[in-house]
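Taking it in order: structure first as structure tokens, then the write-up.
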Amino acid sequence: MRRRLPAAARPSATPLAVRALAGLALVAVAAACGASPTSRPAVPSDANPSSRPSASGPGATPAATPVPIATPQPTPQFTNPADRELARLIPGRAAGERVVVPRVDEFAYTPGDIGEAYGELGLRFTALQVAYVAEPRLSLFAMRVAPPEVT
């Protein structure tokens with residue numbers, strides 16, 4: 001009589017079975033996307049962009065622009081300049097406890113990191129100052145916002 005091994009002690013799937021499952025998954029994804037290996041357009045090996053076919057039709061990728069185009073929204077800022085005026089807005093004590101205000105090179109957050117959570121307003125953050133109270137744990141984030149004034 002064969003003894004049944006616990007699941008952890010059984011041998012893993014064979015490489016052939018793994019490859020068969022991966023191939024089946026690839027076929028399923030290709031079928032779901034409506035693509036087949038032979039339906040891809042040929043890409044010329046020439047690196048000259050003017051010799052490539054232009055983008056047209058549904059799903060075609062437009063050609064890259066040689067010069068960046070301005071967007072209607074500002075770009076998030078992922079550098080954090082020191083802003084002493086902003087740091088001075090933070091009180092030295094809160095609820096009788098000392099508030100620690102570290103230099104901007106002592107923390108890794110930037111206005112762009114924090115701004116993502118604030119949507120359109122967050123795109124206008126230009127400087128960030130972090131402060132904290134050790135006990136009870138309390139964090140404070142002060143952000144400078146680019147014009148126009150927030151109302």
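Residues in the structure tokens are named by chain (A, B, ... in the order shown) and by number from 1 within that chain; ligands are numbered from 1 in the order shown.
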Quick one: everything within 12 Å of A:Leu89, counting only C-alpha atoms, minus sequence neighbours fewer than 5 positions away in the same chain. Send it as a list of chain:residue names. A:Asp83, A:Arg84, A:Val99, A:Val101, A:Leu128, A:Gln129, A:Val130, A:Ala131, A:Leu140, A:Phe141, A:Ala142, A:Met143, A:Arg144
Preceding selection exported with N, CA, C and O atoms as an mmCIF file, in the first residue's frame:
```
data_model
loop_
_atom_site.group_PDB
_atom_site.id
_atom_site.type_symbol
_atom_site.label_atom_id
_atom_site.label_comp_id
_atom_site.auth_asym_id
_atom_site.auth_seq_id
_atom_site.Cartn_x
_atom_site.Cartn_y
_atom_site.Cartn_z
ATOM 1 N N ASP A 83 13.010 75.508 2.834
ATOM 2 C CA ASP A 83 12.131 76.671 2.919
ATOM 3 C C ASP A 83 12.044 77.067 4.390
ATOM 4 O O ASP A 83 11.217 76.556 5.138
ATOM 5 N N ARG A 84 12.947 77.962 4.821
ATOM 6 C CA ARG A 84 13.015 78.347 6.242
ATOM 7 C C ARG A 84 11.726 79.004 6.709
ATOM 8 O O ARG A 84 11.298 78.811 7.836
ATOM 9 N N VAL A 99 8.225 69.825 19.619
ATOM 10 C CA VAL A 99 8.020 69.462 18.213
ATOM 11 C C VAL A 99 9.385 69.454 17.529
ATOM 12 O O VAL A 99 10.120 70.446 17.581
ATOM 13 N N VAL A 101 11.615 69.515 14.241
ATOM 14 C CA VAL A 101 11.530 69.959 12.850
ATOM 15 C C VAL A 101 12.866 69.613 12.179
ATOM 16 O O VAL A 101 13.831 70.375 12.268
ATOM 17 N N LEU A 128 8.052 71.222 1.025
ATOM 18 C CA LEU A 128 7.455 70.395 2.074
ATOM 19 C C LEU A 128 8.346 70.446 3.305
ATOM 20 O O LEU A 128 9.568 70.365 3.189
ATOM 21 N N GLN A 129 7.713 70.590 4.465
ATOM 22 C CA GLN A 129 8.450 70.501 5.726
ATOM 23 C C GLN A 129 7.734 69.501 6.621
ATOM 24 O O GLN A 129 6.533 69.590 6.810
ATOM 25 N N VAL A 130 8.474 68.539 7.127
ATOM 26 C CA VAL A 130 7.943 67.523 8.026
ATOM 27 C C VAL A 130 8.305 67.917 9.449
ATOM 28 O O VAL A 130 9.382 68.462 9.695
ATOM 29 N N ALA A 131 7.408 67.649 10.391
ATOM 30 C CA ALA A 131 7.691 67.851 11.821
ATOM 31 C C ALA A 131 6.986 66.728 12.575
ATOM 32 O O ALA A 131 6.050 66.113 12.050
ATOM 33 N N LEU A 140 3.349 66.145 11.404
ATOM 34 C CA LEU A 140 2.825 67.351 10.791
ATOM 35 C C LEU A 140 3.530 67.537 9.459
ATOM 36 O O LEU A 140 4.749 67.367 9.370
ATOM 37 N N PHE A 141 2.776 67.857 8.426
ATOM 38 C CA PHE A 141 3.329 68.121 7.102
ATOM 39 C C PHE A 141 2.869 69.514 6.685
ATOM 40 O O PHE A 141 1.668 69.761 6.589
ATOM 41 N N ALA A 142 3.812 70.412 6.420
ATOM 42 C CA ALA A 142 3.484 71.748 5.933
ATOM 43 C C ALA A 142 3.933 71.841 4.481
ATOM 44 O O ALA A 142 5.051 71.450 4.151
ATOM 45 N N MET A 143 3.046 72.312 3.614
ATOM 46 C CA MET A 143 3.367 72.415 2.199
ATOM 47 C C MET A 143 3.188 73.835 1.695
ATOM 48 O O MET A 143 2.222 74.493 2.061
ATOM 49 N N ARG A 144 4.114 74.298 0.856
ATOM 50 C CA ARG A 144 3.962 75.576 0.180
ATOM 51 C C ARG A 144 3.269 75.282 -1.149
ATOM 52 O O ARG A 144 3.613 74.340 -1.846
#
```
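In this comparison, which uses only C-alpha atoms, the residue of A:Gly122, A:Pro147, A:Gly115, A:Pro136 approaching A:Ala94 most closely is A:Pro136.
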Strand (DSSP E) residues, from DSSP on the backbone, in stretch 73-150 of chain A, as a PyMOL selection string: chain A and resi 93-94+97-98+125-133+138-145
Prev. selection, C-alpha atoms, output as a compact mmCIF listing (two decimals), in the first residue's frame:
```txt
# COMPACT_ATOMS: atom_id res chain seq x y z
CA ARG A 93 5.73 72.90 21.28
CA ALA A 94 2.36 71.15 20.87
CA GLU A 97 5.56 68.42 24.08
CA ARG A 98 8.60 69.44 21.99
CA PHE A 125 3.06 71.88 -3.96
CA THR A 126 6.56 73.39 -4.26
CA ALA A 127 8.09 72.78 -0.81
CA LEU A 128 7.45 70.40 2.07
CA GLN A 129 8.45 70.50 5.73
CA VAL A 130 7.94 67.52 8.03
CA ALA A 131 7.69 67.85 11.82
CA TYR A 132 6.82 65.39 14.58
CA VAL A 133 6.27 64.85 18.31
CA LEU A 138 2.15 63.06 16.06
CA SER A 139 3.23 64.03 12.54
CA LEU A 140 2.83 67.35 10.79
CA PHE A 141 3.33 68.12 7.10
CA ALA A 142 3.48 71.75 5.93
CA MET A 143 3.37 72.42 2.20
CA ARG A 144 3.96 75.58 0.18
CA VAL A 145 1.51 75.95 -2.71
```
Minimum-distance residue to A:Gly112, chosen among A:Pro58, A:Pro148, A:Pro66, A:Pro76 (using only C-alpha atoms): A:Pro76
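As for atom CA of A:Ala82 and atom CA of A:Pro102, they are spaced 10.8 Å apart.
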